file structure_23.txt (compact mmCIF, C-alpha atoms and all ligand atoms)
# COMPACT_ATOMS: atom_id res chain seq x y z
CA MET L 1 0.00 0.00 0.00
CA HIS L 2 1.27 3.49 -0.83
CA MET L 3 1.97 5.49 2.35
CA PRO L 4 0.99 9.16 2.48
CA TYR L 5 4.20 10.19 4.26
CA GLN L 6 7.09 11.93 2.62
CA PHE L 7 10.24 11.36 4.61
CA ALA L 8 13.40 13.45 4.28
CA HIS L 9 15.89 12.35 1.63
CA ARG L 10 18.46 11.61 4.31
CA MET L 11 16.37 8.66 5.49
CA GLU L 12 16.96 7.00 2.14
CA ALA L 13 20.69 7.13 2.86
CA ALA L 14 20.31 4.92 5.93
CA PRO L 15 21.60 1.40 5.32
CA GLU L 16 19.16 -1.48 5.52
CA SER L 17 18.99 -2.32 9.22
CA PHE L 18 19.71 -5.82 10.37
CA LEU L 19 18.53 -4.99 13.87
CA ASP L 20 14.96 -6.27 13.53
CA THR L 21 16.25 -9.69 12.57
CA LEU L 22 18.71 -9.62 15.45
CA PHE L 23 16.06 -8.69 18.00
CA ALA L 24 13.82 -11.50 16.73
CA VAL L 25 16.74 -13.90 17.14
CA SER L 26 17.66 -12.74 20.62
CA SER L 27 14.10 -13.05 21.91
CA ASP L 28 13.87 -16.73 20.87
CA PRO L 29 15.14 -18.76 23.85
CA SER L 30 15.84 -21.84 21.72
CA ILE L 31 18.54 -19.95 19.82
CA ILE L 32 22.01 -19.44 21.25
CA SER L 33 23.03 -16.03 19.97
CA PHE L 34 26.59 -14.97 19.24
CA ALA L 35 25.12 -12.31 16.95
CA GLY L 36 24.40 -9.45 19.36
CA GLY L 37 26.77 -7.36 21.41
CA LEU L 38 25.48 -7.28 24.97
CA PRO L 39 27.85 -7.22 27.91
CA SER L 40 27.34 -10.19 30.25
CA ALA L 41 24.22 -9.65 32.37
CA ALA L 42 25.81 -11.79 35.09
CA LEU L 43 28.61 -9.24 35.47
CA ILE L 44 26.43 -6.18 35.97
CA ASP L 45 26.88 -5.12 39.60
CA VAL L 46 23.19 -4.60 40.35
CA LYS L 47 23.76 -4.52 44.10
CA GLY L 48 26.51 -1.89 43.86
CA ILE L 49 24.52 0.27 41.48
CA ALA L 50 21.44 -0.03 43.71
CA GLU L 51 23.51 1.16 46.70
CA ALA L 52 24.81 4.10 44.69
CA ALA L 53 21.27 4.93 43.51
CA ALA L 54 19.90 4.80 47.06
CA GLY L 55 22.72 7.08 48.25
CA VAL L 56 22.05 9.63 45.51
CA MET L 57 18.31 9.64 46.21
CA ALA L 58 18.79 9.97 49.97
CA GLU L 59 21.35 12.76 49.83
CA ASP L 60 20.86 14.53 46.51
CA GLY L 61 17.51 13.38 45.14
CA LYS L 62 16.16 16.80 44.22
CA ALA L 63 19.29 17.84 42.31
CA ALA L 64 19.50 14.44 40.57
CA LEU L 65 15.92 14.75 39.34
CA GLN L 66 16.16 18.39 38.27
CA TYR L 67 17.21 19.76 34.84
CA ALA L 68 20.97 20.08 34.61
CA THR L 69 23.59 21.69 32.37
CA CYS L 70 24.38 20.48 28.85
CA ASP L 71 28.05 19.75 29.58
CA GLY L 72 27.39 16.96 32.09
CA HIS L 73 27.86 16.36 35.80
CA LEU L 74 31.13 18.10 36.68
CA PRO L 75 32.36 15.56 39.28
CA LEU L 76 31.88 12.78 36.71
CA ARG L 77 33.77 14.77 34.05
CA GLU L 78 36.55 15.36 36.57
CA TRP L 79 36.66 11.67 37.37
CA ILE L 80 36.98 10.82 33.65
CA ALA L 81 39.71 13.44 33.07
CA ASP L 82 41.60 12.16 36.10
CA ARG L 83 41.44 8.58 34.81
CA TYR L 84 42.88 9.69 31.44
CA ARG L 85 45.70 11.43 33.30
CA ARG L 86 46.48 8.46 35.51
CA ARG L 87 45.90 5.61 33.02
CA LEU L 88 47.27 7.19 29.87
CA GLY L 89 49.43 10.04 31.14
CA LEU L 90 47.54 12.51 28.93
CA PRO L 91 46.65 16.04 30.07
CA ALA L 92 42.84 15.74 29.96
CA ARG L 93 40.76 18.46 31.63
CA ALA L 94 37.09 18.32 32.67
CA GLU L 95 36.43 21.39 30.45
CA GLU L 96 37.24 19.26 27.40
CA ILE L 97 34.88 16.44 28.38
CA ARG L 98 31.17 16.19 27.64
CA ILE L 99 28.78 13.52 28.88
CA VAL L 100 26.54 11.91 26.27
CA ASN L 101 23.65 9.45 26.37
CA GLY L 102 25.87 6.51 25.40
CA SER L 103 28.81 6.91 23.05
CA GLN L 104 26.40 6.15 20.20
CA GLN L 105 25.16 9.72 20.64
CA CYS L 106 28.70 10.97 19.97
CA LEU L 107 28.63 9.23 16.59
CA ASP L 108 25.47 11.11 15.68
CA LEU L 109 26.54 14.50 17.02
CA VAL L 110 30.12 14.39 15.73
CA ALA L 111 28.81 13.55 12.25
CA LYS L 112 26.20 16.28 12.64
CA ILE L 113 28.79 18.98 13.34
CA PHE L 114 31.36 17.85 10.73
CA CYS L 115 29.46 16.40 7.76
CA ASN L 116 27.77 18.10 4.85
CA PRO L 117 26.16 15.82 2.27
CA SER L 118 28.82 14.19 0.03
CA ASP L 119 31.69 15.09 2.36
CA ALA L 120 34.23 12.31 2.69
CA VAL L 121 34.39 10.33 5.94
CA GLY L 122 36.98 7.61 6.48
CA MET L 123 36.56 4.53 8.60
CA GLU L 124 37.91 1.03 9.09
CA ARG L 125 36.79 -1.72 6.77
CA PRO L 126 35.20 -3.71 8.37
CA GLY L 127 34.00 -1.13 10.86
CA TYR L 128 31.35 -0.60 13.53
CA LEU L 129 27.89 -1.03 12.05
CA GLY L 130 26.32 1.53 14.42
CA ALA L 131 28.76 4.16 13.12
CA VAL L 132 27.81 3.45 9.52
CA GLU L 133 24.15 3.85 10.54
CA ALA L 134 24.75 7.10 12.44
CA PHE L 135 26.98 8.72 9.81
CA SER L 136 24.75 7.72 6.88
CA LEU L 137 21.96 10.03 8.03
CA TYR L 138 24.21 13.00 7.23
CA GLU L 139 24.74 11.63 3.71
CA PRO L 140 28.56 11.57 3.57
CA ALA L 141 30.60 9.52 1.14
CA ILE L 142 32.03 6.84 3.43
CA TYR L 143 35.44 5.43 2.44
CA GLY L 144 36.59 2.23 4.08
CA VAL L 145 40.29 1.62 4.68
CA PRO L 146 40.99 -2.13 4.89
CA LEU L 147 42.26 -3.47 8.19
CA ALA L 148 45.70 -5.05 8.06
CA PRO L 149 45.90 -8.66 9.35
CA GLU L 150 48.10 -7.50 12.27
CA GLY L 151 45.50 -4.86 13.22
CA GLY L 152 44.95 -1.21 12.32
CA PRO L 153 44.21 0.31 8.94
CA GLU L 154 46.55 -0.45 6.04
CA MET L 155 48.73 2.63 6.27
CA GLU L 156 49.30 3.16 2.57
CA ALA L 157 45.54 3.26 1.92
CA PHE L 158 45.04 5.41 5.04
CA SER L 159 47.58 7.96 3.90
CA ARG L 160 46.15 7.99 0.36
CA LEU L 161 42.66 8.61 1.74
CA LEU L 162 43.86 11.64 3.71
CA THR L 163 45.60 13.23 0.74
CA GLU L 164 43.16 12.30 -2.04
CA LYS L 165 39.79 12.67 -0.30
CA SER L 166 40.47 15.13 2.55
CA PRO L 167 37.90 13.48 4.83
CA VAL L 168 36.14 15.63 7.42
CA PHE L 169 37.29 13.00 9.94
CA PHE L 170 38.55 9.44 10.16
CA TYR L 171 36.66 7.18 12.57
CA GLY L 172 38.52 4.25 14.09
CA ILE L 173 38.49 1.87 17.07
CA PRO L 174 42.15 1.28 17.96
CA ASN L 175 41.39 -1.03 20.90
CA PHE L 176 39.79 -4.43 20.16
CA GLN L 177 37.70 -3.19 17.32
CA ASN L 178 34.08 -4.10 16.64
CA PRO L 179 33.74 -6.41 14.65
CA SER L 180 37.24 -7.96 14.45
CA GLY L 181 38.59 -7.61 17.99
CA THR L 182 41.96 -6.55 16.56
CA ALA L 183 43.99 -3.64 17.97
CA TYR L 184 46.31 -1.13 16.28
CA PRO L 185 49.99 -1.88 16.89
CA GLU L 186 51.72 1.07 18.60
CA ALA L 187 53.61 2.05 15.43
CA VAL L 188 50.28 2.34 13.57
CA ARG L 189 48.80 4.52 16.33
CA LYS L 190 51.79 6.81 16.06
CA GLU L 191 51.72 6.98 12.27
CA ALA L 192 47.92 7.43 12.03
CA GLY L 193 47.94 10.20 14.66
CA THR L 194 50.91 11.98 13.11
CA LEU L 195 49.47 11.81 9.57
CA CYS L 196 46.11 13.16 10.81
CA ARG L 197 47.75 16.03 12.67
CA GLU L 198 49.84 16.94 9.64
CA ALA L 199 46.85 16.69 7.25
CA LYS L 200 44.57 18.53 9.77
CA VAL L 201 42.06 15.67 9.64
CA PRO L 202 40.48 14.82 13.01
CA PHE L 203 40.99 11.20 14.09
CA TYR L 204 37.79 10.21 15.91
CA GLU L 205 38.89 7.46 18.27
CA ASP L 206 36.07 5.36 19.68
CA ASP L 207 37.49 3.73 22.79
CA ALA L 208 34.50 1.60 23.77
CA PHE L 209 36.75 -1.37 24.65
CA GLY L 210 40.07 0.07 25.89
CA GLU L 211 39.31 -0.86 29.52
CA LEU L 212 38.57 -4.44 28.43
CA ALA L 213 42.16 -5.37 27.51
CA PHE L 214 42.54 -8.90 28.84
CA ASP L 215 46.01 -8.10 30.17
CA GLY L 216 44.73 -4.89 31.83
CA ARG L 217 47.43 -2.83 30.06
CA ALA L 218 46.48 0.67 28.86
CA ARG L 219 47.49 1.20 25.21
CA PRO L 220 48.50 4.73 24.18
CA PRO L 221 45.68 6.31 22.17
CA VAL L 222 46.08 7.74 18.67
CA LYS L 223 45.21 11.09 20.29
CA ARG L 224 48.65 11.11 21.88
CA TRP L 225 50.08 11.78 18.40
CA ALA L 226 47.05 13.44 16.76
CA GLY L 227 47.10 16.20 19.42
CA GLU L 228 44.48 18.85 18.69
CA PHE L 229 43.22 16.64 15.84
CA GLY L 230 42.40 13.84 18.27
CA ILE L 231 38.79 13.29 19.34
CA MET L 232 38.04 10.45 21.76
CA SER L 233 34.83 8.89 22.96
CA GLY L 234 34.39 6.48 25.83
CA SER L 235 31.53 4.65 27.47
CA PHE L 236 30.49 2.98 30.69
CA SER L 237 28.24 0.62 28.69
CA LYS L 238 30.68 -2.25 28.31
CA THR L 239 32.29 -1.88 31.72
CA ILE L 240 29.40 -1.05 34.06
CA ALA L 241 25.91 -1.13 32.49
CA PRO L 242 24.62 -0.11 29.04
CA GLY L 243 21.18 0.73 30.44
CA MET L 244 22.71 3.73 32.24
CA ARG L 245 23.28 5.23 28.74
CA CYS L 246 26.36 7.08 29.80
CA GLY L 247 29.35 7.83 27.61
CA TRP L 248 31.58 10.81 26.93
CA LEU L 249 33.48 12.85 24.39
CA TRP L 250 36.98 14.21 24.97
CA ALA L 251 37.91 16.83 22.40
CA PRO L 252 39.72 20.18 22.08
CA GLU L 253 37.68 23.12 23.41
CA GLU L 254 36.96 24.55 19.96
CA ILE L 255 35.24 21.33 18.93
CA ILE L 256 33.48 21.14 22.30
CA THR L 257 31.95 24.61 21.80
CA THR L 258 30.39 23.54 18.49
CA PHE L 259 29.46 20.13 19.90
CA ASP L 260 27.55 21.87 22.73
CA VAL L 261 25.29 23.60 20.21
CA ALA L 262 24.33 20.26 18.65
CA LYS L 263 23.97 18.50 22.01
CA GLN L 264 21.82 21.24 23.50
CA ALA L 265 19.50 21.13 20.49
CA ALA L 266 19.31 17.33 20.57
CA ASP L 267 18.35 16.73 24.21
CA LEU L 268 19.36 19.66 26.50
CA HIS L 269 21.54 17.32 28.54
CA SER L 270 22.21 13.66 29.23
CA ASN L 271 20.32 11.75 31.90
CA HIS L 272 21.44 13.53 35.07
CA LEU L 273 20.23 10.83 37.44
CA SER L 274 22.36 8.19 35.66
CA GLN L 275 25.39 10.47 35.77
CA MET L 276 25.07 11.06 39.50
CA ILE L 277 24.53 7.38 40.25
CA LEU L 278 27.53 6.43 38.13
CA HIS L 279 29.77 8.98 39.78
CA ARG L 280 28.75 7.77 43.20
CA TYR L 281 29.27 4.15 42.13
CA LEU L 282 32.74 4.93 40.80
CA THR L 283 33.78 6.72 43.98
CA THR L 284 32.29 4.31 46.51
CA HIS L 285 32.99 0.96 44.84
CA ASP L 286 36.19 -0.64 43.54
CA TYR L 287 35.92 -0.08 39.76
CA ASP L 288 39.33 -1.60 39.04
CA ALA L 289 38.47 -4.78 40.93
CA HIS L 290 35.21 -4.97 38.97
CA LEU L 291 37.09 -4.53 35.69
CA THR L 292 39.48 -7.34 36.62
CA VAL L 293 36.51 -9.69 37.00
CA VAL L 294 34.95 -8.61 33.68
CA ARG L 295 38.25 -8.88 31.79
CA SER L 296 39.04 -12.33 33.08
CA ALA L 297 35.54 -13.64 32.27
CA TYR L 298 35.72 -12.29 28.71
CA ALA L 299 39.28 -13.55 28.25
CA LYS L 300 38.15 -17.04 29.28
CA ASN L 301 35.14 -16.98 26.93
CA CYS L 302 37.29 -15.67 24.10
CA ARG L 303 39.86 -18.43 24.56
CA LEU L 304 37.13 -21.08 24.67
CA MET L 305 35.48 -19.77 21.50
CA SER L 306 38.85 -19.54 19.69
CA ASP L 307 39.77 -23.11 20.69
CA LEU L 308 36.38 -24.44 19.57
CA LEU L 309 36.66 -22.63 16.24
CA ASP L 310 40.08 -24.23 15.70
CA GLU L 311 38.79 -27.63 16.71
CA ARG L 312 35.28 -27.74 15.23
CA LEU L 313 35.45 -25.26 12.34
CA PRO L 314 39.08 -25.51 11.20
CA ALA L 315 38.24 -24.09 7.77
CA CYS L 316 37.31 -20.76 9.39
CA THR L 317 40.43 -18.74 10.12
CA HIS L 318 39.72 -16.13 12.76
CA THR L 319 41.11 -13.16 14.66
CA ARG L 320 42.59 -13.62 18.15
CA PRO L 321 41.46 -10.61 20.17
CA GLY L 322 43.45 -9.39 23.15
CA GLY L 323 40.35 -7.74 24.61
CA GLY L 324 36.84 -6.50 23.91
CA MET L 325 33.80 -8.59 23.08
CA PHE L 326 34.03 -9.68 19.43
CA MET L 327 36.04 -11.67 16.91
CA THR L 328 35.56 -12.28 13.22
CA ALA L 329 36.00 -15.51 11.29
CA ALA L 330 36.48 -16.06 7.57
CA LEU L 331 34.36 -18.56 5.66
CA PRO L 332 35.65 -21.22 3.28
CA GLU L 333 35.42 -20.22 -0.36
CA GLY L 334 31.93 -20.37 -1.84
CA VAL L 335 30.07 -20.08 1.50
CA SER L 336 28.26 -16.80 2.13
CA SER L 337 27.71 -15.40 5.61
CA MET L 338 23.98 -14.96 4.92
CA ASP L 339 23.80 -18.69 4.11
CA LEU L 340 25.62 -19.44 7.36
CA PHE L 341 23.24 -17.12 9.23
CA ARG L 342 20.21 -19.01 7.89
CA ALA L 343 21.74 -22.47 8.33
CA GLY L 344 22.74 -21.44 11.87
CA LEU L 345 19.19 -20.44 12.75
CA SER L 346 17.89 -23.80 11.62
CA GLN L 347 20.44 -25.43 13.98
CA GLY L 348 19.58 -23.04 16.84
CA VAL L 349 22.57 -20.68 16.76
CA ALA L 350 22.93 -17.11 15.46
CA VAL L 351 26.05 -15.34 14.17
CA MET L 352 26.29 -11.89 12.66
CA PRO L 353 26.85 -11.85 8.89
CA GLY L 354 29.79 -9.73 7.76
CA ARG L 355 28.12 -7.55 5.17
CA PRO L 356 26.67 -4.77 7.41
CA PHE L 357 30.19 -3.96 8.67
CA PHE L 358 31.41 -3.05 5.19
CA ALA L 359 30.10 0.45 4.46
CA ASP L 360 31.06 0.25 0.80
CA GLY L 361 30.08 -3.34 0.00
CA GLY L 362 31.66 -6.76 0.46
CA GLY L 363 32.03 -8.77 3.63
CA ASP L 364 29.94 -11.74 2.62
CA ASP L 365 32.88 -14.05 3.26
CA CYS L 366 33.14 -13.46 7.00
CA PHE L 367 31.03 -13.31 10.15
CA ARG L 368 31.24 -11.79 13.62
CA LEU L 369 31.05 -13.72 16.87
CA ASN L 370 30.30 -12.14 20.24
CA PHE L 371 31.90 -13.81 23.27
CA SER L 372 30.65 -11.61 26.14
CA THR L 373 26.99 -12.59 26.34
CA ALA L 374 26.91 -16.40 26.44
CA GLY L 375 28.25 -18.52 29.31
CA GLU L 376 30.68 -21.45 29.00
CA GLU L 377 28.08 -24.18 28.40
CA GLU L 378 26.22 -22.06 25.85
CA ILE L 379 29.44 -21.35 23.99
CA LYS L 380 30.23 -25.08 23.83
CA GLU L 381 26.74 -26.00 22.62
CA GLY L 382 26.50 -23.01 20.27
CA MET L 383 29.81 -23.82 18.59
CA ALA L 384 28.74 -27.45 18.11
CA ARG L 385 25.57 -26.18 16.41
CA LEU L 386 27.59 -23.76 14.30
CA ALA L 387 29.89 -26.58 13.16
CA ARG L 388 26.81 -28.55 12.04
CA ALA L 389 25.45 -25.49 10.22
CA LEU L 390 28.71 -24.98 8.33
CA ALA L 391 28.96 -28.69 7.51
CA SER L 392 25.48 -28.52 5.95
CA LEU L 393 26.74 -25.81 3.59
CA VAL L 394 30.06 -27.27 2.48
CA ARG L 395 28.83 -30.82 1.88
C1 LIG L 401 32.47 0.38 18.87
C2 LIG L 401 31.23 0.85 19.55
N1 LIG L 401 31.05 2.16 19.72
C3 LIG L 401 29.95 2.64 20.33
C4 LIG L 401 28.95 1.79 20.77
C5 LIG L 401 27.76 2.40 21.41
O1 LIG L 401 27.73 2.10 22.76
P1 LIG L 401 27.04 3.03 23.86
O2 LIG L 401 26.16 4.00 23.16
O3 LIG L 401 26.26 2.08 24.70
O4 LIG L 401 28.16 3.71 24.59
C6 LIG L 401 29.10 0.41 20.60
C7 LIG L 401 28.04 -0.53 21.03
O5 LIG L 401 28.09 -1.70 20.81
C8 LIG L 401 30.27 -0.07 19.97
O6 LIG L 401 30.46 -1.37 19.76
call {"tool": "encode", "arguments": {"input": "structure_23.txt", "output": "structure tokens", "more": "lines below"}}
Ligand SMILES: Cc1ncc(COP(=O)(O)O)c(C=O)c1O
result
Amino acid sequence: MHMPYQFAHRMEAAPESFLDTLFAVSSDPSIISFAGGLPSAALIDVKGIAEAAAGVMAEDGKAALQYATCDGHLPLREWIADRYRRRLGLPARAEEIRIVNGSQQCLDLVAKIFCNPSDAVGMERPGYLGAVEAFSLYEPAIYGVPLAPEGGPEMEAFSRLLTEKSPVFFYGIPNFQNPSGTAYPEAVRKEAGTLCREAKVPFYEDDAFGELAFDGRARPPVKRWAGEFGIMSGSFSKTIAPGMRCGWLWAPEEIITTFDVAKQAADLHSNHLSQMILHRYLTTHDYDAHLTVVRSAYAKNCRLMSDLLDERLPACTHTRPGGGMFMTAALPEGVSSMDLFRAGLSQGVAVMPGRPFFADGGGDDCFRLNFSTAGEEEIKEGMARLARALASLVR
């Protein structure tokens, strides 16, 4: 039936969303899903967050429930700046930090302030699907730079992109990237940051997974070399609780001033109650001890999934993440990831097909696996099902 609504042209630029299918899959209890990207529910510190929430309500309830300023809760911004200084040795200041409703909002607002239609934007190939979705609404030309097998963008292609296309920014995930789980080697961080600074192209560094390094070691961010052309976002979603919808942007003050205009227009300010609860949680509970537990659980799941891939699906070469929540695996020649997705569902297991992670096409020969959501037994059973699904396609 013809609909009477005339939507804006920009909505036509949005890629076909795979999310409906994913939600259908994750609500079917008979299917073991490695397709989504949820942090482990078992590792959310409900008791600790409840204590923090009760404390905020008892002592500061009226302020927590009132309108607040666009920039975000100052003590939380100070806490974040202090962690950058201590963990990474970088001179972050609270004035350069803004709180957002999940780092996904940064993707929208950064694209909103930098992109005119047809402007070039660079990103990793494969890259984060949610970024492709957010950027697309501003109608840029998205250029993917292939990831090198050892991690990080292929530097020759990266450098060519900067000089030939002059992108308004390059978006990358140097730590345990979604979807591959790979990380940029330090030399690549240095080169990417230096090239961006010299070309005056902002490097937008999404650090959703930096705190989830299995070895607990902080890697130096690209921003260290990109300087005033370094923009970083972070999030408490993967480390504390995604339902709090709390992330942040760290950028030079000139960018922050423009960002504030977009943020104010979008939602006045981020959820103030969440910010106050998080700050109280961070200052009254042992965040580092919590992170140690999360990292070791994900490291164990990752190892188990890697070993089972080697053992049960030896034709699928795969990445070996040192952190984060995802890995990708390549399919034997002639097998498409959509076929594996469908065959998997009929065996009771879901994986994420590769195609949505390739902004400019391709990706049918690989798939993404999430190792944070399922427990040990589910991983074992799910991988057995996946092996049967693949066998049904290569017979
Ligand atoms: C790389 C990356 N960036 C950003 C996000 C958005 O997370 P949030 O908005 O919960 O901070 C995600 C979520 O999966 C992600 O994987």
call {"tool": "closest_residue", "arguments": {"input": "structure_23.txt", "among": "L:Leu162, L:Leu137, L:Ala299, L:Leu109", "to": "Ala265 of chain L", "atoms": "only C-alpha atoms"}}
result
L:Leu109
call {"tool": "residues_near_ligand", "arguments": {"input": "structure_23.txt", "ligand": "ligand LIG 401 (chain L)", "cutoff": "7 Å", "atoms": "all atoms listed in the file", "output": "list in words"}}
result
Gly37, Asn101, Gly102, Ser103, Gln104, Gln105, Tyr128, Gly130, Ile173, Gln177, Asn178, Asp206, Ala208, Gly234, Ser235, Phe236, Ser237, Pro242, Arg245, Cys246 and Gly247 of chain L
call {"tool": "closest_residue", "arguments": {"input": "structure_23.txt", "among": "L:Met3, L:Ala241, L:Leu43, L:Val349", "to": "Ser296 of chain L", "atoms": "all atoms listed in the file"}}
result
L:Leu43
call {"tool": "closest_residue", "arguments": {"input": "structure_23.txt", "among": "L:Ala389, L:Ala350, L:Ala359, L:Met305", "to": "Asp28 of chain L", "atoms": "only C-alpha atoms"}}
result
L:Ala350
call {"tool": "residues_around", "arguments": {"input": "structure_23.txt", "residues": "Glu254 of chain L", "least_positions_apart": "4", "cutoff": "10 Å", "atoms": "all atoms listed in the file", "output": "ChimeraX atom specification"}}
result
/L:96,228,258-259
call {"tool": "closest_residue", "arguments": {"input": "structure_23.txt", "among": "L:Ala92, L:Met327, L:Ala183, L:Met383", "to": "Gly230 of chain L", "atoms": "all atoms listed in the file"}}
result
L:Ala92
call {"tool": "residues_around", "arguments": {"input": "structure_23.txt", "residues": "segment 14-22 of chain L", "least_positions_apart": "3", "cutoff": "7 Å", "atoms": "all atoms listed in the file", "output": "ChimeraX atom specification"}}
result
/L:11,25-26,36,133,136-137
